[in-house]
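*Asks:* Next comes the structure file entry.cif, holding mmCIF, C-alpha atoms.
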data_protein
loop_
_atom_site.label_atom_id
_atom_site.label_comp_id
_atom_site.auth_asym_id
_atom_site.auth_seq_id
_atom_site.Cartn_x
_atom_site.Cartn_y
_atom_site.Cartn_z
CA MET A 1 20.47 5.73 -41.82
CA ALA A 2 16.88 6.20 -42.78
CA CYS A 3 15.51 4.82 -39.56
CA GLU A 4 17.27 7.25 -37.28
CA SER A 5 14.25 9.44 -36.88
CA TRP A 6 12.10 6.44 -36.06
CA GLN A 7 14.56 5.05 -33.59
CA ALA A 8 14.85 8.39 -31.85
CA GLN A 9 11.19 8.01 -30.98
CA LEU A 10 11.29 4.34 -30.27
CA ASP A 11 11.20 4.60 -26.49
CA THR A 12 8.30 7.01 -26.60
CA TYR A 13 6.51 4.63 -28.92
CA LEU A 14 7.12 1.66 -26.65
CA ASP A 15 6.00 3.67 -23.63
CA ASN A 16 2.78 4.23 -25.51
CA GLU A 17 3.20 7.97 -25.32
CA LEU A 18 3.04 9.03 -28.95
CA PRO A 19 -0.11 10.71 -30.24
CA SER A 20 -2.44 8.04 -31.56
CA GLU A 21 -1.92 8.94 -35.22
CA GLU A 22 1.85 8.59 -34.85
CA MET A 23 1.38 5.37 -32.92
CA LYS A 24 -0.39 3.92 -35.93
CA GLN A 25 2.28 5.07 -38.34
CA PHE A 26 4.90 3.59 -36.07
CA ASP A 27 3.07 0.27 -35.90
CA ALA A 28 3.05 0.14 -39.67
CA HIS A 29 6.70 1.05 -39.92
CA VAL A 30 7.88 -1.51 -37.38
CA ARG A 31 6.00 -4.22 -39.19
CA ASN A 32 7.96 -3.50 -42.36
CA CYS A 33 11.37 -2.56 -41.07
CA ALA A 34 13.56 -5.36 -39.80
CA SER A 35 16.09 -3.16 -38.10
CA CYS A 36 13.48 -1.13 -36.22
CA ALA A 37 11.64 -4.31 -35.32
CA ALA A 38 14.79 -5.85 -33.89
CA GLU A 39 15.58 -2.74 -31.94
CA ALA A 40 12.01 -2.54 -30.67
CA LEU A 41 12.15 -6.13 -29.54
CA ALA A 42 15.39 -5.54 -27.69
CA ARG A 43 13.98 -2.52 -25.93
CA VAL A 44 10.80 -4.28 -24.98
CA GLN A 45 12.91 -6.98 -23.42
CA MET A 46 14.88 -4.34 -21.64
CA LYS A 47 11.68 -2.78 -20.32
CA ARG A 48 10.54 -6.16 -19.10
CA SER A 49 13.75 -6.99 -17.36
CA VAL A 50 13.87 -3.57 -15.70
CA ARG A 51 10.31 -4.06 -14.57
CA ALA A 52 11.09 -7.47 -13.13
CA ALA A 53 14.33 -6.34 -11.53
CA GLY A 54 12.70 -3.17 -10.26
CA GLN A 55 10.22 -5.01 -8.11
CA ALA A 56 13.00 -6.08 -5.86
CA PHE A 57 11.93 -5.01 -2.43
CA ALA A 58 8.92 -6.00 -0.39
CA PRO A 59 8.13 -4.58 3.02
CA SER A 60 8.50 -6.98 5.92
CA ALA A 61 5.31 -8.38 7.42
CA GLU A 62 6.16 -6.69 10.68
CA PHE A 63 6.50 -3.28 9.06
CA ARG A 64 3.29 -3.74 7.11
CA ALA A 65 1.38 -4.61 10.27
CA ARG A 66 2.86 -1.63 12.07
CA MET A 67 1.89 0.79 9.30
CA GLN A 68 -1.53 -0.71 8.82
CA LYS A 69 -2.20 -0.21 12.48
CA ARG A 70 -1.01 3.37 12.46
CA VAL A 71 -3.04 4.36 9.47
CA ALA A 72 -6.16 2.54 10.62
CA GLN A 73 -6.00 3.85 14.14
CA GLN A 74 -6.02 7.46 13.14
CA PRO A 75 -7.96 9.08 15.92
CA ARG A 76 -10.46 11.67 14.81
CA ARG A 77 -10.12 14.56 17.12
CA THR A 78 -6.41 14.61 17.78
CA GLY A 79 -4.13 16.72 15.68
CA ARG A 80 -0.85 16.48 13.96
CA PHE A 81 1.33 14.69 16.45
CA ALA A 82 -1.20 12.06 17.30
CA TRP A 83 1.06 9.23 16.17
CA ILE A 84 3.83 10.22 18.45
CA LEU A 85 1.50 10.92 21.32
CA ALA A 86 -0.64 7.83 21.03
CA PRO A 87 1.53 5.58 23.23
CA VAL A 88 1.89 8.37 25.75
CA ALA A 89 -1.85 8.82 25.80
CA VAL A 90 -2.38 5.15 26.42
CA ALA A 91 0.06 5.21 29.30
CA LEU A 92 -1.58 8.27 30.80
CA LEU A 93 -4.95 6.66 30.50
CA ALA A 94 -3.78 3.68 32.44
CA VAL A 95 -2.36 5.85 35.21
CA VAL A 96 -5.06 8.43 35.52
CA GLY A 97 -7.78 6.03 36.40
CA THR A 98 -10.25 8.67 37.35
CA THR A 99 -11.00 9.73 33.82
CA VAL A 100 -12.15 6.20 33.17
CA TRP A 101 -15.21 7.02 35.23
CA GLU A 102 -16.51 9.48 32.75
CA ARG A 103 -15.65 7.23 29.85
CA GLN A 104 -17.51 4.39 31.45
CA ARG A 105 -20.81 6.01 30.67
CA GLY A 106 -20.02 6.30 26.95
CA ALA A 107 -18.91 2.69 26.87
CA GLU A 108 -21.99 1.56 28.77
CA GLN A 109 -24.14 3.21 26.17
CA ILE A 110 -22.37 1.45 23.32
CA TYR A 111 -22.57 -1.91 25.07
CA GLY A 112 -26.27 -1.30 25.51
CA GLU A 113 -26.64 -0.67 21.81
CA VAL A 114 -24.69 -3.78 20.95
CA ALA A 115 -26.98 -5.78 23.23
CA ASP A 116 -30.00 -4.30 21.46
CA LEU A 117 -28.57 -5.28 18.10
CA HIS A 118 -28.01 -8.80 19.33
CA VAL A 119 -31.54 -9.17 20.67
CA ALA A 120 -33.25 -7.49 17.75
CA THR A 121 -31.38 -9.67 15.28
CA LEU A 122 -32.21 -12.94 17.00
CA ALA A 123 -35.85 -11.92 17.26
CA SER A 124 -36.01 -11.52 13.50
CA PRO A 125 -37.32 -14.42 11.42
CA THR A 126 -34.25 -14.08 9.21
CA PRO A 127 -31.41 -13.28 11.55
CA VAL A 128 -28.65 -13.83 9.01
CA ASP A 129 -28.27 -12.72 5.41
CA VAL A 130 -25.57 -15.19 4.56
CA VAL A 131 -26.48 -18.58 5.90
CA SER A 132 -23.45 -20.79 6.12
CA THR A 133 -21.39 -22.74 8.60
CA ASP A 134 -18.37 -22.30 6.41
CA ARG A 135 -16.19 -19.36 7.29
CA HIS A 136 -14.79 -19.42 3.78
CA THR A 137 -18.26 -18.61 2.51
CA VAL A 138 -19.17 -16.08 5.15
CA LYS A 139 -15.99 -14.03 5.10
CA PRO A 140 -15.99 -13.25 1.37
CA TRP A 141 -19.67 -12.37 1.54
CA PHE A 142 -18.70 -9.23 3.44
CA GLN A 143 -16.28 -8.13 0.78
CA GLY A 144 -17.37 -4.82 -0.67
CA LYS A 145 -20.14 -4.47 1.90
CA ILE A 146 -18.01 -3.24 4.75
CA PRO A 147 -14.92 -1.06 4.51
CA PHE A 148 -12.42 -3.48 6.10
CA ALA A 149 -11.39 -7.13 6.14
CA PHE A 150 -11.15 -9.53 9.06
CA ASP A 151 -10.41 -13.17 9.73
CA LEU A 152 -12.74 -15.75 11.15
CA PRO A 153 -11.40 -18.43 13.46
CA GLU A 154 -11.19 -22.10 12.63
CA LEU A 155 -13.85 -23.85 14.73
CA GLN A 156 -12.89 -27.46 14.26
CA ASN A 157 -12.62 -29.28 17.60
CA THR A 158 -14.46 -26.52 19.40
CA GLU A 159 -18.02 -26.46 20.65
CA PHE A 160 -18.88 -23.50 18.52
CA SER A 161 -20.54 -23.50 15.17
CA LEU A 162 -21.06 -20.63 12.77
CA LEU A 163 -24.64 -19.91 11.72
CA GLY A 164 -24.03 -17.03 9.36
CA GLY A 165 -23.59 -13.30 9.16
CA ARG A 166 -25.18 -10.01 8.27
CA MET A 167 -24.25 -6.40 7.88
CA THR A 168 -24.98 -4.15 10.76
CA TYR A 169 -24.66 -0.57 11.89
CA LEU A 170 -23.57 0.86 15.21
CA GLU A 171 -23.79 4.63 15.55
CA GLN A 172 -24.08 4.85 11.75
CA VAL A 173 -20.86 2.90 11.36
CA PRO A 174 -21.08 -0.19 9.11
CA GLY A 175 -19.77 -3.46 10.49
CA ALA A 176 -19.99 -7.23 10.41
CA HIS A 177 -22.34 -9.20 12.60
CA LEU A 178 -21.64 -12.93 12.91
CA ILE A 179 -23.79 -15.39 14.75
CA TYR A 180 -22.38 -18.46 16.43
CA GLN A 181 -24.01 -21.22 18.36
CA VAL A 182 -22.85 -23.12 21.37
CA ARG A 183 -25.17 -25.62 23.11
CA LYS A 184 -28.36 -23.91 21.88
CA HIS A 185 -27.10 -20.48 22.86
CA GLU A 186 -26.53 -17.91 20.20
CA ILE A 187 -23.57 -15.63 20.45
CA SER A 188 -23.11 -12.51 18.39
CA VAL A 189 -19.75 -11.27 17.26
CA PHE A 190 -19.66 -7.68 16.03
CA ILE A 191 -16.70 -6.22 14.22
CA PHE A 192 -16.28 -2.54 13.45
CA ARG A 193 -13.44 -0.37 12.43
CA GLU A 194 -12.16 1.12 15.65
CA ALA A 195 -11.35 4.53 14.17
CA SER A 196 -14.92 4.93 12.97
CA LEU A 197 -16.55 4.37 16.34
CA PRO A 198 -17.01 7.30 18.69
CA GLY A 199 -14.19 6.64 21.22
CA HIS A 200 -14.52 5.88 24.91
CA LEU A 201 -14.03 2.14 24.65
CA GLY A 202 -10.49 1.89 25.91
CA THR A 203 -7.83 -0.28 24.40
CA GLY A 204 -7.68 -3.35 26.61
CA SER A 205 -9.95 -6.34 26.55
CA ARG A 206 -12.98 -6.04 28.75
CA ALA A 207 -15.58 -8.46 29.89
CA THR A 208 -18.81 -7.24 31.41
CA LYS A 209 -22.20 -8.50 32.24
CA GLU A 210 -24.99 -6.54 30.61
CA THR A 211 -28.23 -7.52 32.30
CA SER A 212 -28.43 -11.19 31.47
CA PHE A 213 -25.79 -11.07 28.73
CA SER A 214 -22.10 -11.54 28.91
CA LEU A 215 -19.98 -9.35 26.77
CA GLU A 216 -16.37 -9.15 25.90
CA SER A 217 -14.94 -6.33 23.87
CA TRP A 218 -11.45 -5.51 22.69
CA SER A 219 -9.53 -3.71 20.03
CA GLN A 220 -7.09 -5.48 17.75
CA GLY A 221 -5.42 -4.50 14.50
CA GLY A 222 -7.53 -1.38 14.17
CA LEU A 223 -10.78 -3.28 14.61
CA ARG A 224 -13.17 -3.29 17.53
CA TYR A 225 -14.70 -6.61 18.51
CA PHE A 226 -17.76 -7.30 20.65
CA VAL A 227 -18.66 -10.85 21.60
CA MET A 228 -21.99 -11.10 23.34
CA GLY A 229 -24.75 -13.51 24.20
CA ASP A 230 -26.61 -15.28 26.92
CA ALA A 231 -24.14 -18.17 26.97
CA SER A 232 -21.89 -18.55 29.99
CA PRO A 233 -19.11 -16.01 30.47
CA ALA A 234 -16.65 -18.86 29.91
CA ASP A 235 -18.14 -19.57 26.46
CA ILE A 236 -17.99 -15.91 25.56
CA GLU A 237 -14.41 -15.78 26.66
CA ASN A 238 -13.52 -18.89 24.67
CA LEU A 239 -15.03 -17.57 21.49
CA ALA A 240 -13.36 -14.22 22.07
CA SER A 241 -9.98 -15.86 22.44
CA LEU A 242 -10.53 -17.87 19.26
CA PHE A 243 -11.04 -14.56 17.48
CA LYS A 244 -8.05 -12.97 19.11
CA GLY A 245 -5.94 -15.90 18.00
CA SER A 246 -7.11 -15.80 14.41
CA GLN A 247 -6.18 -12.19 13.74
CA SER A 248 -2.55 -11.99 13.02
CA MET B 1 -19.68 15.43 15.35
CA SER B 2 -16.48 13.70 14.44
CA GLY B 3 -18.11 12.06 11.47
CA LEU B 4 -16.55 14.18 8.80
CA ALA B 5 -13.03 13.91 10.12
CA SER B 6 -13.34 10.19 10.59
CA THR B 7 -14.50 9.62 7.05
CA SER B 8 -11.50 11.54 5.81
CA ALA B 9 -9.18 9.36 7.89
CA GLN B 10 -11.03 6.40 6.49
CA LEU B 11 -10.73 7.70 2.95
CA PHE B 12 -7.04 8.25 3.46
CA GLU B 13 -6.60 4.68 4.59
CA GLU B 14 -8.55 3.35 1.63
CA LEU B 15 -6.49 5.35 -0.82
CA ALA B 16 -3.09 5.11 0.81
CA MET B 17 -2.78 1.54 1.99
CA PRO B 18 -3.02 -0.06 -1.47
CA LEU B 19 0.07 1.95 -2.42
CA PHE B 20 2.06 0.62 0.50
CA ASP B 21 4.04 -2.04 -1.37
CA SER B 22 4.87 0.23 -4.28
CA LEU B 23 5.90 3.08 -2.03
CA TYR B 24 8.08 0.79 -0.01
CA ASN B 25 9.78 -0.63 -3.09
CA PHE B 26 10.41 2.86 -4.41
CA ALA B 27 11.70 4.03 -1.03
CA HIS B 28 14.07 1.09 -0.87
CA TRP B 29 15.40 1.89 -4.32
CA LEU B 30 16.02 5.47 -3.32
CA THR B 31 17.60 4.81 0.06
CA GLN B 32 19.15 1.44 -0.82
CA ASN B 33 18.65 0.40 2.76
CA ARG B 34 15.82 -1.35 4.58
CA ASP B 35 15.76 0.71 7.77
CA GLU B 36 15.93 3.98 5.94
CA ALA B 37 13.26 2.83 3.53
CA GLU B 38 10.94 2.04 6.44
CA ASP B 39 11.60 5.41 8.03
CA LEU B 40 10.97 7.11 4.74
CA VAL B 41 7.68 5.34 4.12
CA GLN B 42 6.59 6.05 7.66
CA GLU B 43 7.37 9.72 7.35
CA THR B 44 5.63 9.84 4.00
CA TYR B 45 2.40 8.48 5.46
CA ALA B 46 2.62 10.83 8.41
CA LYS B 47 3.11 13.84 6.16
CA ALA B 48 0.45 12.73 3.73
CA LEU B 49 -2.06 12.28 6.47
CA ARG B 50 -1.31 15.68 7.91
CA GLY B 51 -1.63 17.27 4.50
CA PHE B 52 -4.54 15.15 3.37
CA SER B 53 -6.99 18.00 3.81
CA SER B 54 -5.05 19.92 1.18
CA PHE B 55 -5.20 17.03 -1.25
CA GLN B 56 -7.86 17.62 -3.85
CA VAL B 57 -10.02 14.63 -4.46
CA GLY B 58 -10.07 13.86 -8.15
CA THR B 59 -6.44 14.75 -8.69
CA ASN B 60 -3.82 12.07 -8.88
CA PHE B 61 -3.41 10.60 -5.42
CA ARG B 62 -0.69 8.18 -6.42
CA ALA B 63 1.48 10.91 -7.91
CA TRP B 64 0.83 12.98 -4.80
CA MET B 65 2.03 10.20 -2.47
CA PHE B 66 5.09 9.44 -4.56
CA ARG B 67 5.90 13.13 -4.69
CA ILE B 68 5.79 13.41 -0.91
CA LEU B 69 7.99 10.35 -0.58
CA ARG B 70 10.56 11.58 -3.03
CA ASN B 71 10.66 15.13 -1.65
CA THR B 72 11.10 13.71 1.82
CA PHE B 73 13.91 11.56 0.56
CA LEU B 74 15.66 14.39 -1.26
CA THR B 75 15.74 16.52 1.86
CA SER B 76 17.03 13.67 4.01
CA ARG B 77 20.72 13.18 4.63
CA THR B 78 21.01 10.22 2.32
CA GLY B 79 19.03 12.08 -0.28
CA LEU B 80 21.22 15.14 -0.12
CA ARG B 81 24.29 12.98 -0.43
CA ALA B 82 22.79 11.16 -3.40
CA THR B 83 21.92 14.32 -5.28
CA MET B 84 25.25 15.91 -4.51
CA THR B 85 27.09 13.21 -6.42
CA VAL B 86 24.94 13.76 -9.47
CA GLN B 87 26.52 15.77 -12.18
CA LEU B 88 23.19 17.00 -13.40
CA ASP B 89 23.05 16.95 -17.14
CA THR B 90 24.33 20.08 -18.73
CA ASP B 91 21.66 19.97 -21.36
CA GLU B 92 18.68 19.34 -19.14
CA GLY B 93 15.42 20.09 -20.80
CA ALA B 94 16.84 19.78 -24.26
CA THR B 95 15.12 16.63 -25.40
CA GLU B 96 18.16 14.83 -26.48
CA VAL B 97 17.33 11.28 -27.36
CA ALA B 98 19.77 8.48 -27.50
CA VAL B 99 20.37 6.88 -30.81
CA GLU B 100 22.87 4.13 -31.01
CA ALA B 101 24.19 1.80 -33.56
CA ALA B 102 21.71 -1.04 -33.64
CA THR B 103 23.32 -3.87 -31.75
CA PRO B 104 21.53 -7.11 -31.11
CA GLU B 105 20.89 -6.30 -27.51
CA THR B 106 18.65 -9.27 -27.27
CA ILE B 107 21.69 -11.43 -26.93
CA LEU B 108 23.34 -9.36 -24.31
CA LEU B 109 20.18 -9.06 -22.28
CA GLU B 110 19.66 -12.75 -22.20
CA ARG B 111 22.97 -13.01 -20.53
CA ALA B 112 22.31 -10.19 -18.13
CA THR B 113 20.92 -11.74 -15.02
CA GLN B 114 18.31 -10.16 -12.82
CA GLU B 115 20.99 -9.23 -10.30
CA ALA B 116 23.01 -7.56 -12.99
CA VAL B 117 20.02 -5.45 -13.98
CA GLN B 118 19.36 -4.65 -10.36
CA SER B 119 22.85 -3.49 -9.65
CA ALA B 120 22.88 -1.49 -12.86
CA ILE B 121 19.68 0.28 -11.77
CA ALA B 122 21.12 0.87 -8.32
CA GLU B 123 24.17 2.51 -9.82
CA LEU B 124 22.15 5.02 -11.81
CA PRO B 125 22.21 8.58 -10.49
CA VAL B 126 19.13 9.13 -8.40
CA HIS B 127 17.35 11.46 -10.86
CA PHE B 128 17.61 8.87 -13.58
CA ARG B 129 16.83 5.96 -11.30
CA GLU B 130 13.59 7.49 -10.07
CA VAL B 131 12.10 8.29 -13.49
CA LEU B 132 13.07 4.88 -14.81
CA LEU B 133 11.39 3.10 -11.90
CA LEU B 134 8.29 5.26 -12.03
CA CYS B 135 8.00 4.49 -15.73
CA GLU B 136 8.82 0.79 -15.83
CA VAL B 137 7.79 -0.49 -12.43
CA GLU B 138 4.95 1.87 -11.53
CA GLU B 139 3.93 2.18 -15.16
CA MET B 140 3.21 5.85 -14.71
CA SER B 141 2.53 7.97 -17.77
CA TYR B 142 4.99 10.73 -18.63
CA GLN B 143 2.42 13.17 -17.31
CA GLU B 144 2.24 11.40 -13.95
CA ILE B 145 6.01 11.20 -13.69
CA ALA B 146 6.25 14.89 -14.48
CA GLU B 147 3.78 15.58 -11.69
CA THR B 148 5.62 13.37 -9.25
CA VAL B 149 9.08 14.68 -9.97
CA ALA B 150 7.87 18.24 -10.62
CA VAL B 151 9.67 18.75 -13.92
CA PRO B 152 8.33 19.34 -17.44
CA ILE B 153 7.45 16.34 -19.59
CA GLY B 154 10.39 17.06 -21.88
CA THR B 155 12.75 16.63 -18.97
CA VAL B 156 11.06 13.38 -18.02
CA MET B 157 11.67 12.13 -21.54
CA SER B 158 15.28 13.16 -21.65
CA ARG B 159 16.00 11.68 -18.24
CA LEU B 160 14.29 8.47 -19.17
CA SER B 161 16.27 8.25 -22.34
CA ARG B 162 19.54 8.92 -20.53
CA ALA B 163 18.65 6.39 -17.87
CA ARG B 164 18.02 3.72 -20.45
CA LYS B 165 21.14 4.51 -22.33
CA LEU B 166 23.26 4.34 -19.17
CA LEU B 167 21.62 1.08 -18.24
CA ARG B 168 22.32 -0.46 -21.62
CA GLU B 169 25.92 0.64 -21.45
CA ARG B 170 26.39 -0.80 -18.00
CA LEU B 171 24.87 -4.10 -18.97
CA ARG B 172 26.85 -4.27 -22.14
CA ALA B 173 30.05 -3.61 -20.21
CA GLN B 174 29.19 -6.34 -17.75
CA THR B 175 28.38 -8.98 -20.31
CA GLN B 176 31.32 -8.19 -22.48
CA THR B 177 33.98 -8.49 -19.83
CA VAL B 178 34.25 -12.19 -20.47
CA PRO B 179 36.85 -12.73 -23.18
CA SER B 180 37.45 -9.17 -24.31
CA GLN B 181 40.78 -7.44 -24.21
CA LYS B 182 39.61 -5.08 -21.49
CA GLY B 183 41.49 -5.91 -18.36
CA MET B 184 39.26 -4.47 -15.70
CA THR B 185 35.90 -2.85 -15.65
CA HIS B 186 34.69 -0.92 -12.70
CA GLY B 187 31.71 -1.97 -10.78
CA VAL B 188 31.29 -5.14 -8.88
#
In structure tokens, write the structure found in this file.
*Replies:*
Amino acid sequence: MACESWQAQLDTYLDNELPSEEMKQFDAHVRNCASCAAEALARVQMKRSVRAAGQAFAPSAEFRARMQKRVAQQPRRTGRFAWILAPVAVALLAVVGTTVWERQRGAEQIYGEVADLHVATLASPTPVDVVSTDRHTVKPWFQGKIPFAFDLPELQNTEFSLLGGRMTYLEQVPGAHLIYQVRKHEISVFIFREASLPGHLGTGSRATKETSFSLESWSQGGLRYFVMGDASPADIENLASLFKGSQS
Amino acid sequence: MSGLASTSAQLFEELAMPLFDSLYNFAHWLTQNRDEAEDLVQETYAKALRGFSSFQVGTNFRAWMFRILRNTFLTSRTGLRATMTVQLDTDEGATEVAVEAATPETILLERATQEAVQSAIAELPVHFREVLLLCEVEEMSYQEIAETVAVPIGTVMSRLSRARKLLRERLRAQTQTVPSQKGMTHGV
């Protein structure tokens, strides 16, 4: 029949892959030809049902978390088999305690910088850029400003309150700085992407006392957290565990 | 110091993680098995990361990732088995396009459930299945599909057309088994 040549190109037309001039001619033809219009409609429906049926499989949450972690944790210096070696390296690190000595110095330096950030921020007349006690306001504020996402803990029935947040930099790495209050003490929470920071921090959670500050730092889901302030070590620990609990 | 390398790891994450769901779905369609799909995705990311330095920024990252995934699949045991059973079209490359008698497929498609469409897709030979999914689900252009599958655009078109034709035939067979004189149809 006359429409054979049109129908031979129908799929290409519906995939929007004809040159624009031919697309226009086709549009005009389909509007005036009942048989081509019916066929086009059928094929569009087919495309739709294939599209719907084709989105059949979603990765499990567990697999997503696993992959996210792997990709985010990409260490900088290590080479090709880093993924396979990472658990081995962690185990070795735990056993060979002596190397920790050297690392300590690097960590100490970073903790010192974090303490400086905390003090300098609180000394400023405008310590926070987003002033809000609502985590649902503060969290989205960071969107597009820092290259990762994080969750903020629910504070209801705790002694902590959120004052706000600001962007910060540690060793030229952008991160989130949140300020909390507990009984007139301000506590800073810093979050950075672990892979961006210059190593040496170890993987486990660590609490230390930096001069008059307490600090707890750990790595979770590819992010590095620092919780620090002049509140009691117990308060620091409580806030830290609220954070640990909120990141799933 | 490590700044440059770390930004590239960062860049990789930013580019690659948004594709995770799509890659997984595609992997599952190829392997037809959850565990194998996970292994395949994992291997794809590992390979992509290793080869990321050779990836040219500005070229099509998505096609690049899908290409790695599919090549990894095709060289796997399941993949080799899948391609072995394909009687690759004799007239590959010749842009043969399916023309059929116009049947009101609307009616038959309404009756075809989502599961029926899914099993019909799953039954397609792998070379047809992949181009169909890249086109309909990933909404890739013919050019992108050609890049991903590493064949000329003409071949993409002929495979797509064959895939659609096979699919229509399968679905028609399924929906027509009801009162027709055909005793048995194969399939499920």
*Asks:* Take atom CA of B:Leu11 and atom CA of A:Trp141 and report the distance between them in Å, one decimal.
*Replies:*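 Atom CA of B:Leu11 sits 22.0 Å away from atom CA of A:Trp141.
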*Asks:* If you measure from atom CA of A:Ala234 to atom CA of A:Tyr169, what distance in Å do you get, rounded to one decimal?
*Replies:* 26.9 Å
*Asks:* Take the PyMOL selection byres ((chain A and resi 178-181) around 7), apply it to the structure above, and return the hits as a PDB file with C-alpha atoms, in the frame of the given file.
*Replies:*
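So the final result, stored in result02.pdb, reads:
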ATOM      1  CA  PHE A 160     -18.880 -23.500  18.520  1.00  0.00           C
ATOM      2  CA  SER A 161     -20.540 -23.500  15.170  1.00  0.00           C
ATOM      3  CA  LEU A 162     -21.060 -20.630  12.770  1.00  0.00           C
ATOM      4  CA  LEU A 163     -24.640 -19.910  11.720  1.00  0.00           C
ATOM      5  CA  GLY A 164     -24.030 -17.030   9.360  1.00  0.00           C
ATOM      6  CA  GLY A 165     -23.590 -13.300   9.160  1.00  0.00           C
ATOM      7  CA  ARG A 166     -25.180 -10.010   8.270  1.00  0.00           C
ATOM      8  CA  ALA A 176     -19.990  -7.230  10.410  1.00  0.00           C
ATOM      9  CA  HIS A 177     -22.340  -9.200  12.600  1.00  0.00           C
ATOM     10  CA  VAL A 182     -22.850 -23.120  21.370  1.00  0.00           C
ATOM     11  CA  ARG A 183     -25.170 -25.620  23.110  1.00  0.00           C
ATOM     12  CA  LYS A 184     -28.360 -23.910  21.880  1.00  0.00           C
ATOM     13  CA  HIS A 185     -27.100 -20.480  22.860  1.00  0.00           C
ATOM     14  CA  GLU A 186     -26.530 -17.910  20.200  1.00  0.00           C
ATOM     15  CA  ILE A 187     -23.570 -15.630  20.450  1.00  0.00           C
ATOM     16  CA  SER A 188     -23.110 -12.510  18.390  1.00  0.00           C
ATOM     17  CA  VAL A 189     -19.750 -11.270  17.260  1.00  0.00           C
ATOM     18  CA  PHE A 190     -19.660  -7.680  16.030  1.00  0.00           C
TER      19      PHE A 190
END
*Asks:* Counting only C-alpha atoms, which residue out of B:Val117, B:Leu19, B:Leu171, B:Leu69 sits closest to B:Val41?
*Replies:*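 Result for the nearest residue to B:Val41: B:Leu69.
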*Asks:* Could you work out how far atom CA of A:Pro153 lies from atom CA of A:Ser241, giving the answer in Å with one decimal?
*Replies:* 9.4 Å
*Asks:* Taking the file as shown, what set of residues would the PyMOL selection byres ((chain B and resi 130) around 10) give back, as a PyMOL selection string?
*Replies:* chain B and resi 26-27+29-30+70+121+124-129+131-135+145+148-149+159-160+163
*Asks:* I need the residue set behind the PyMOL selection byres ((chain A and resi 22-30) around 10) for this file; please write it as a ChimeraX atom specification.
*Replies:* /A:3,6,9-10,12-14,16-21,31-40
*Asks:* For A:Met228, which residue among A:Glu113, A:Asp11, A:Asp129, A:Asp134 is the nearest when counting all atoms listed in the file?
*Replies:*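 With all atoms listed in the file as the atom set, the closest residue is A:Glu113.
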*Asks:* Let me make sure I understand: among B:Ala46, B:Ile68, B:Leu80, B:Leu167, which one has the smallest atom-to-atom distance to B:Ala116 if we use all atoms listed in the file?
*Replies:* B:Leu167
